[in-house]
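Asker: Attaching a single structure in structure tokens format; questions to follow.
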Amino acid sequence: MKKLLAIMFVIMFLFSCSKKNAKKAMENCADGMFVDSFSSDQALMVLNQNFIKIYPYYNKIRKMSEEILDMDTKRGKINIKIKKIDDEIEQRVSEAKKANVPQSEINKFREKMFEKTVPLSQEAYALNWDRKRKTQEQNDYLFINRKKIIKKAKIEDKFNLKDYSKMHEYCEILYNKAPDTFLIEFKNSKL
């Protein structure tokens, strides 16, 4: 009786280990497929979803996103100032024309007012380039770290990502066709 219980325990233990290895291998397979199809936008989506907060990547990306947002806000404020100046120019020019002010005086006024917008336009242009640079930096960071981001996410969270479940299902089919080969290939996969 004791031998039978011992044998049953060993069989159950081996079965649970085998099942755990199969699950990990299928996850590794799906992770590899997902990462190969992974874009920077998807990496950003993964990090920004409430159910996947993978530190320190999340913190770094959040900081970069805040910097980009600050640049957008500053550029928006500058564009509003430029628009106000443009509106003021048009209003005053219209009034000057009604008052029969000579065109040469109107042109001088326009030139003087446009000079106020030049530094603002230059600042907006510089912010636009800084934003593009920061966005590229963010995309590069995400692309370089995409494997680590997916690897550290919980399997339950990965299933919320677009197409991950399809990839996992495909890996299950591969496992069922040739379990031993599949386990050898994917059990200890590092992506």
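Going through the structure tokens in order, the chains are called A, B, and so on, while each chain numbers its residues from 1 and the ligands are numbered from 1 in the order shown.
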Which residues are near range 137-140 of chain A? Cut-off 7 Å, only C-alpha atoms, ignore same chain within fewer than 2 positions. Put them as an MDAnalysis selection string.
Answerer: chainID A and resid 40 61 64 133:135 142:144
Asker: Take the residues from that selection and put them in a file with all heavy atoms, as a short mmCIF file (atom, residue, chain, number, x, y, z; two decimals), in the first residue's frame.
Answerer:
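Final file, selection.cif:
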data_model
loop_
_atom_site.label_atom_id
_atom_site.label_comp_id
_atom_site.auth_asym_id
_atom_site.auth_seq_id
_atom_site.Cartn_x
_atom_site.Cartn_y
_atom_site.Cartn_z
N SER A 40 6.88 49.71 -31.46
CA SER A 40 7.06 50.63 -30.33
C SER A 40 5.71 51.08 -29.79
O SER A 40 5.55 51.26 -28.58
CB SER A 40 7.88 51.84 -30.76
OG SER A 40 9.17 51.44 -31.13
N ILE A 61 9.40 55.47 -19.36
CA ILE A 61 8.51 55.83 -20.46
C ILE A 61 7.52 56.91 -20.01
O ILE A 61 7.23 57.84 -20.75
CB ILE A 61 7.78 54.59 -21.01
CG1 ILE A 61 8.78 53.70 -21.75
CG2 ILE A 61 6.63 54.97 -21.93
CD1 ILE A 61 9.54 54.38 -22.87
N MET A 64 9.33 60.16 -20.07
CA MET A 64 9.49 60.64 -21.46
C MET A 64 8.16 61.16 -22.01
O MET A 64 8.13 62.20 -22.67
CB MET A 64 10.00 59.51 -22.35
CG MET A 64 11.43 59.11 -22.13
SD MET A 64 11.84 57.72 -23.21
CE MET A 64 13.60 57.62 -23.00
N ARG A 133 12.57 64.40 -31.55
CA ARG A 133 13.75 63.71 -31.03
C ARG A 133 13.38 62.85 -29.81
O ARG A 133 13.77 61.69 -29.71
CB ARG A 133 14.83 64.73 -30.66
CG ARG A 133 16.11 64.10 -30.14
CD ARG A 133 17.06 65.15 -29.55
NE ARG A 133 16.45 66.08 -28.62
CZ ARG A 133 16.10 65.80 -27.36
NH1 ARG A 133 16.28 64.60 -26.87
NH2 ARG A 133 15.56 66.72 -26.58
N LYS A 134 12.59 63.42 -28.90
CA LYS A 134 12.20 62.71 -27.68
C LYS A 134 11.29 61.53 -28.02
O LYS A 134 11.40 60.45 -27.43
CB LYS A 134 11.50 63.66 -26.71
CG LYS A 134 11.12 63.05 -25.38
CD LYS A 134 12.28 62.43 -24.64
CE LYS A 134 13.10 63.43 -23.92
NZ LYS A 134 14.16 62.82 -23.09
N THR A 135 10.40 61.70 -28.99
CA THR A 135 9.52 60.61 -29.41
C THR A 135 10.34 59.48 -30.02
O THR A 135 10.09 58.30 -29.73
CB THR A 135 8.47 61.12 -30.42
OG1 THR A 135 7.70 62.15 -29.79
CG2 THR A 135 7.55 60.02 -30.88
N LEU A 142 11.78 51.70 -26.22
CA LEU A 142 10.77 50.65 -26.19
C LEU A 142 11.17 49.47 -27.07
O LEU A 142 11.01 48.32 -26.69
CB LEU A 142 9.42 51.20 -26.64
CG LEU A 142 8.73 52.14 -25.67
CD1 LEU A 142 7.59 52.86 -26.35
CD2 LEU A 142 8.23 51.36 -24.46
N PHE A 143 11.68 49.76 -28.25
CA PHE A 143 12.05 48.69 -29.17
C PHE A 143 13.19 47.85 -28.61
O PHE A 143 13.16 46.63 -28.66
CB PHE A 143 12.43 49.27 -30.54
CG PHE A 143 12.60 48.21 -31.59
CD1 PHE A 143 11.49 47.61 -32.16
CD2 PHE A 143 13.85 47.81 -32.00
CE1 PHE A 143 11.63 46.62 -33.11
CE2 PHE A 143 14.01 46.82 -32.95
CZ PHE A 143 12.89 46.22 -33.51
N ILE A 144 14.18 48.52 -28.04
CA ILE A 144 15.33 47.81 -27.47
C ILE A 144 14.90 46.93 -26.29
O ILE A 144 15.41 45.82 -26.12
CB ILE A 144 16.41 48.82 -27.02
CG1 ILE A 144 17.06 49.45 -28.26
CG2 ILE A 144 17.46 48.18 -26.14
CD1 ILE A 144 17.90 50.68 -27.97
#
Asker: As a PyMOL selection string, please: the residues near range 103-110 of chain A (cut-off 12 Å, only C-alpha atoms, same-chain neighbours under 2 positions excluded).
Answerer: chain A and resi 85-101+112-117
Asker: Any chance you can output those residues with N, CA and C atoms as a PDB file, in the first residue's frame?
Answerer:
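Contents of the output file again-v3.pdb:
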ATOM      1  N   ILE A  85      -1.540  87.497 -32.103  1.00  0.00           N
ATOM      2  CA  ILE A  85      -0.827  88.579 -32.793  1.00  0.00           C
ATOM      3  C   ILE A  85      -1.335  88.690 -34.230  1.00  0.00           C
ATOM      4  N   ASP A  86      -1.484  87.544 -34.905  1.00  0.00           N
ATOM      5  CA  ASP A  86      -2.004  87.560 -36.284  1.00  0.00           C
ATOM      6  C   ASP A  86      -3.405  88.172 -36.345  1.00  0.00           C
ATOM      7  N   ASP A  87      -4.254  87.797 -35.395  1.00  0.00           N
ATOM      8  CA  ASP A  87      -5.615  88.353 -35.352  1.00  0.00           C
ATOM      9  C   ASP A  87      -5.575  89.865 -35.113  1.00  0.00           C
ATOM     10  N   GLU A  88      -4.680  90.293 -34.212  1.00  0.00           N
ATOM     11  CA  GLU A  88      -4.551  91.726 -33.925  1.00  0.00           C
ATOM     12  C   GLU A  88      -4.079  92.472 -35.172  1.00  0.00           C
ATOM     13  N   ILE A  89      -3.111  91.878 -35.880  1.00  0.00           N
ATOM     14  CA  ILE A  89      -2.611  92.503 -37.109  1.00  0.00           C
ATOM     15  C   ILE A  89      -3.760  92.678 -38.100  1.00  0.00           C
ATOM     16  N   GLU A  90      -4.510  91.626 -38.324  1.00  0.00           N
ATOM     17  CA  GLU A  90      -5.601  91.684 -39.302  1.00  0.00           C
ATOM     18  C   GLU A  90      -6.672  92.697 -38.893  1.00  0.00           C
ATOM     19  N   GLN A  91      -6.976  92.747 -37.615  1.00  0.00           N
ATOM     20  CA  GLN A  91      -7.976  93.700 -37.130  1.00  0.00           C
ATOM     21  C   GLN A  91      -7.494  95.141 -37.337  1.00  0.00           C
ATOM     22  N   ARG A  92      -6.255  95.416 -36.966  1.00  0.00           N
ATOM     23  CA  ARG A  92      -5.723  96.785 -37.093  1.00  0.00           C
ATOM     24  C   ARG A  92      -5.547  97.184 -38.564  1.00  0.00           C
ATOM     25  N   VAL A  93      -5.134  96.230 -39.383  1.00  0.00           N
ATOM     26  CA  VAL A  93      -4.976  96.521 -40.809  1.00  0.00           C
ATOM     27  C   VAL A  93      -6.338  96.855 -41.404  1.00  0.00           C
ATOM     28  N   SER A  94      -7.333  96.094 -41.024  1.00  0.00           N
ATOM     29  CA  SER A  94      -8.689  96.351 -41.512  1.00  0.00           C
ATOM     30  C   SER A  94      -9.155  97.751 -41.092  1.00  0.00           C
ATOM     31  N   GLU A  95      -8.905  98.115 -39.842  1.00  0.00           N
ATOM     32  CA  GLU A  95      -9.278  99.442 -39.343  1.00  0.00           C
ATOM     33  C   GLU A  95      -8.493 100.538 -40.061  1.00  0.00           C
ATOM     34  N   ALA A  96      -7.203 100.264 -40.305  1.00  0.00           N
ATOM     35  CA  ALA A  96      -6.355 101.253 -40.989  1.00  0.00           C
ATOM     36  C   ALA A  96      -6.830 101.475 -42.420  1.00  0.00           C
ATOM     37  N   LYS A  97      -7.240 100.418 -43.089  1.00  0.00           N
ATOM     38  CA  LYS A  97      -7.737 100.551 -44.461  1.00  0.00           C
ATOM     39  C   LYS A  97      -9.029 101.363 -44.487  1.00  0.00           C
ATOM     40  N   LYS A  98      -9.888 101.142 -43.494  1.00  0.00           N
ATOM     41  CA  LYS A  98     -11.139 101.900 -43.405  1.00  0.00           C
ATOM     42  C   LYS A  98     -10.849 103.387 -43.165  1.00  0.00           C
ATOM     43  N   ALA A  99      -9.757 103.658 -42.446  1.00  0.00           N
ATOM     44  CA  ALA A  99      -9.383 105.037 -42.120  1.00  0.00           C
ATOM     45  C   ALA A  99      -8.499 105.655 -43.209  1.00  0.00           C
ATOM     46  N   ASN A 100      -8.344 104.934 -44.311  1.00  0.00           N
ATOM     47  CA  ASN A 100      -7.540 105.400 -45.448  1.00  0.00           C
ATOM     48  C   ASN A 100      -6.072 105.682 -45.090  1.00  0.00           C
ATOM     49  N   VAL A 101      -5.505 104.860 -44.219  1.00  0.00           N
ATOM     50  CA  VAL A 101      -4.085 104.969 -43.888  1.00  0.00           C
ATOM     51  C   VAL A 101      -3.306 104.477 -45.120  1.00  0.00           C
ATOM     52  N   LYS A 112       6.532  95.332 -38.431  1.00  0.00           N
ATOM     53  CA  LYS A 112       6.878  95.499 -37.011  1.00  0.00           C
ATOM     54  C   LYS A 112       6.193  94.411 -36.160  1.00  0.00           C
ATOM     55  N   MET A 113       4.928  94.158 -36.444  1.00  0.00           N
ATOM     56  CA  MET A 113       4.187  93.155 -35.677  1.00  0.00           C
ATOM     57  C   MET A 113       4.685  91.729 -35.978  1.00  0.00           C
ATOM     58  N   PHE A 114       5.016  91.473 -37.236  1.00  0.00           N
ATOM     59  CA  PHE A 114       5.518  90.146 -37.589  1.00  0.00           C
ATOM     60  C   PHE A 114       6.852  89.868 -36.901  1.00  0.00           C
ATOM     61  N   GLU A 115       7.629  90.914 -36.659  1.00  0.00           N
ATOM     62  CA  GLU A 115       8.900  90.746 -35.951  1.00  0.00           C
ATOM     63  C   GLU A 115       8.681  90.163 -34.559  1.00  0.00           C
ATOM     64  N   LYS A 116       7.525  90.461 -33.975  1.00  0.00           N
ATOM     65  CA  LYS A 116       7.198  89.894 -32.653  1.00  0.00           C
ATOM     66  C   LYS A 116       6.955  88.382 -32.743  1.00  0.00           C
ATOM     67  N   THR A 117       6.488  87.930 -33.889  1.00  0.00           N
ATOM     68  CA  THR A 117       6.162  86.504 -34.008  1.00  0.00           C
ATOM     69  C   THR A 117       7.370  85.644 -34.374  1.00  0.00           C
TER      70      THR A 117
END
Asker: May I have the residues within 8 Å of range 18-22 of chain A as an MDAnalysis selection string, using only C-alpha atoms and disregarding those fewer than 6 positions away in the same chain?
Answerer: chainID A and resid 175 183 187
Asker: Kindly export the residues of the current selection with all heavy atoms, as a short mmCIF file (atom, residue, chain, number, x, y, z; two decimals), in the first residue's frame.
Answerer:
data_model
loop_
_atom_site.label_atom_id
_atom_site.label_comp_id
_atom_site.auth_asym_id
_atom_site.auth_seq_id
_atom_site.Cartn_x
_atom_site.Cartn_y
_atom_site.Cartn_z
N TYR A 175 2.56 22.44 -29.71
CA TYR A 175 2.87 21.55 -28.57
C TYR A 175 2.15 20.23 -28.71
O TYR A 175 2.74 19.17 -28.51
CB TYR A 175 2.50 22.23 -27.25
CG TYR A 175 2.58 21.30 -26.07
CD1 TYR A 175 3.80 20.94 -25.53
CD2 TYR A 175 1.42 20.76 -25.50
CE1 TYR A 175 3.89 20.07 -24.46
CE2 TYR A 175 1.50 19.90 -24.43
CZ TYR A 175 2.73 19.55 -23.91
OH TYR A 175 2.81 18.68 -22.85
N LEU A 183 8.91 21.10 -26.17
CA LEU A 183 9.49 21.39 -24.84
C LEU A 183 10.98 21.62 -24.93
O LEU A 183 11.52 22.52 -24.27
CB LEU A 183 9.18 20.26 -23.86
CG LEU A 183 7.74 20.18 -23.36
CD1 LEU A 183 7.52 18.93 -22.52
CD2 LEU A 183 7.38 21.42 -22.58
N LYS A 187 11.21 25.30 -23.68
CA LYS A 187 11.13 25.24 -22.22
C LYS A 187 12.00 26.30 -21.55
O LYS A 187 11.58 26.97 -20.61
CB LYS A 187 11.52 23.85 -21.73
CG LYS A 187 11.36 23.66 -20.24
CD LYS A 187 11.61 22.24 -19.84
CE LYS A 187 12.78 22.20 -18.92
NZ LYS A 187 13.16 20.87 -18.50
#
Asker: Report, in Å with one decimal, the straight-line distance from CA of Ala153 in chain A to CA of Asp31 in chain A.
Answerer: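 Going from CA of Ala153 in chain A over to CA of Asp31 in chain A, I get 10.0 Å.
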Asker: Which value, in Å to one decimal, gives the distance between CA of Tyr57 in chain A and CA of Ile155 in chain A?
Answerer: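 That distance, rounded to one decimal, is 18.0 Å.
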Asker: Counting only C-alpha atoms, which of A:Pro102, A:Pro56, A:Gly76, A:Pro179 gets nearest to Ala25 in chain A?
Answerer: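 With only C-alpha atoms as the atom set, the closest residue is A:Pro179.
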Asker: For CA of Phe186 in chain A and CA of Asn28 in chain A, quote the distance in Å rounded to one decimal.
Answerer: 6.0 Å
Asker: For Lys81 in chain A, which residue out of A:Ser37, A:Gln136, A:Asn128, A:Ser121 is the nearest one, using only C-alpha atoms?
Answerer: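 Closest to Lys81 in chain A, using only C-alpha atoms: A:Ser121.
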Asker: Need the shell around Glu156 in chain A: protein/DNA/RNA residues with any atom at most 12 Å away, counting only C-alpha atoms. Skip same-chain ones fewer than 2 positions apart. Format as a CSV table (one decimal) with all heavy atoms, in the first residue's frame?
Answerer:
chain,number,residue,atom,x,y,z
A,27,GLU,N,4.1,29.7,-23.2
A,27,GLU,CA,4.3,31.1,-22.9
A,27,GLU,C,5.5,31.6,-23.6
A,27,GLU,O,5.5,32.7,-24.3
A,27,GLU,CB,4.3,31.4,-21.4
A,27,GLU,CG,4.5,32.9,-21.1
A,27,GLU,CD,4.5,33.2,-19.6
A,27,GLU,OE1,4.5,32.2,-18.8
A,27,GLU,OE2,4.6,34.4,-19.3
A,51,PHE,N,-3.1,47.2,-16.2
A,51,PHE,CA,-2.8,45.9,-15.6
A,51,PHE,C,-1.3,45.5,-15.9
A,51,PHE,O,-0.9,44.4,-15.4
A,51,PHE,CB,-3.7,44.9,-16.2
A,51,PHE,CG,-3.9,45.0,-17.7
A,51,PHE,CD1,-3.1,44.4,-18.5
A,51,PHE,CD2,-5.1,45.6,-18.2
A,51,PHE,CE1,-3.3,44.4,-19.9
A,51,PHE,CE2,-5.2,45.7,-19.5
A,51,PHE,CZ,-4.4,45.1,-20.4
A,52,ILE,N,-0.5,46.3,-16.6
A,52,ILE,CA,0.9,45.9,-16.7
A,52,ILE,C,1.7,47.1,-16.4
A,52,ILE,O,1.9,48.0,-17.2
A,52,ILE,CB,1.2,45.4,-18.2
A,52,ILE,CG1,0.3,44.2,-18.5
A,52,ILE,CG2,2.6,45.0,-18.3
A,52,ILE,CD1,0.6,43.7,-19.9
A,150,ILE,N,7.9,42.3,-22.3
A,150,ILE,CA,7.0,41.2,-22.4
A,150,ILE,C,7.3,40.0,-21.5
A,150,ILE,O,6.5,39.4,-20.9
A,150,ILE,CB,6.9,40.7,-23.9
A,150,ILE,CG1,6.1,41.7,-24.7
A,150,ILE,CG2,6.3,39.3,-24.0
A,150,ILE,CD1,4.7,41.9,-24.3
A,152,LYS,N,8.6,40.1,-18.6
A,152,LYS,CA,8.3,40.4,-17.2
A,152,LYS,C,6.8,40.5,-16.9
A,152,LYS,O,6.4,40.5,-15.8
A,152,LYS,CB,9.0,41.7,-16.7
A,152,LYS,CG,10.5,41.5,-16.6
A,152,LYS,CD,11.1,42.7,-16.0
A,152,LYS,CE,12.6,42.5,-15.7
A,152,LYS,NZ,13.2,43.5,-14.9
A,153,ALA,N,6.0,40.6,-17.9
A,153,ALA,CA,4.6,40.7,-17.7
A,153,ALA,C,4.0,39.3,-17.3
A,153,ALA,O,4.5,38.3,-17.7
A,153,ALA,CB,3.9,41.2,-19.0
A,154,LYS,N,2.9,39.4,-16.6
A,154,LYS,CA,2.3,38.1,-16.2
A,154,LYS,C,1.5,37.6,-17.3
A,154,LYS,O,0.9,38.3,-18.2
A,154,LYS,CB,1.3,38.4,-15.0
A,154,LYS,CG,2.0,38.9,-13.8
A,154,LYS,CD,1.0,39.2,-12.7
A,154,LYS,CE,1.7,39.8,-11.5
A,154,LYS,NZ,0.7,40.4,-10.5
A,158,LYS,N,-0.8,39.3,-20.4
A,158,LYS,CA,-0.5,39.2,-21.8
A,158,LYS,C,-1.7,38.9,-22.7
A,158,LYS,O,-1.8,39.3,-23.8
A,158,LYS,CB,0.6,38.2,-22.0
A,158,LYS,CG,2.0,38.6,-21.4
A,158,LYS,CD,3.0,37.4,-21.6
A,158,LYS,CE,4.2,37.6,-20.7
A,158,LYS,NZ,5.1,36.5,-20.8
A,159,PHE,N,-2.6,38.1,-22.1
A,159,PHE,CA,-3.8,37.7,-22.9
A,159,PHE,C,-4.7,38.9,-23.2
A,159,PHE,O,-5.6,38.8,-24.0
A,159,PHE,CB,-4.5,36.6,-22.1
A,159,PHE,CG,-4.0,35.2,-22.5
A,159,PHE,CD1,-3.1,34.6,-21.7
A,159,PHE,CD2,-4.5,34.6,-23.6
A,159,PHE,CE1,-2.6,33.3,-22.1
A,159,PHE,CE2,-4.1,33.3,-24.0
A,159,PHE,CZ,-3.1,32.7,-23.2
A,160,ASN,N,-4.5,40.0,-22.5
A,160,ASN,CA,-5.3,41.2,-22.8
A,160,ASN,C,-4.7,42.0,-24.0
A,160,ASN,O,-5.3,42.9,-24.4
A,160,ASN,CB,-5.3,42.1,-21.5
A,160,ASN,CG,-6.1,41.5,-20.4
A,160,ASN,OD1,-7.2,41.0,-20.7
A,160,ASN,ND2,-5.6,41.6,-19.2
A,161,LEU,N,-3.5,41.6,-24.4
A,161,LEU,CA,-2.9,42.3,-25.5
A,161,LEU,C,-3.4,41.7,-26.9
A,161,LEU,O,-3.7,40.5,-27.0
A,161,LEU,CB,-1.4,42.1,-25.5
A,161,LEU,CG,-0.7,42.5,-24.2
A,161,LEU,CD1,0.7,42.1,-24.2
A,161,LEU,CD2,-0.9,44.1,-24.1
A,164,TYR,N,-2.1,38.3,-28.8
A,164,TYR,CA,-1.3,37.4,-28.0
A,164,TYR,C,-2.0,36.1,-27.8
A,164,TYR,O,-1.4,35.0,-27.9
A,164,TYR,CB,-1.0,38.0,-26.6
A,164,TYR,CG,0.0,37.2,-25.8
A,164,TYR,CD1,1.3,37.4,-26.0
A,164,TYR,CD2,-0.5,36.2,-24.9
A,164,TYR,CE1,2.2,36.6,-25.3
A,164,TYR,CE2,0.4,35.4,-24.2
A,164,TYR,CZ,1.8,35.6,-24.4
A,164,TYR,OH,2.7,34.8,-23.7
A,165,SER,N,-3.3,36.1,-27.6
A,165,SER,CA,-4.0,34.8,-27.4
A,165,SER,C,-4.0,33.9,-28.6
A,165,SER,O,-3.9,32.7,-28.5
A,165,SER,CB,-5.5,35.1,-26.9
A,165,SER,OG,-6.2,35.8,-27.9
A,168,HIS,N,-0.6,32.4,-28.7
A,168,HIS,CA,-0.5,31.3,-27.6
A,168,HIS,C,-1.3,30.1,-28.1
A,168,HIS,O,-0.8,28.9,-27.9
A,168,HIS,CB,-1.1,31.8,-26.3
A,168,HIS,CG,-0.7,31.0,-25.1
A,168,HIS,ND1,-1.4,29.8,-24.8
A,168,HIS,CD2,0.3,31.1,-24.2
A,168,HIS,CE1,-0.9,29.3,-23.8
A,168,HIS,NE2,0.2,30.0,-23.4
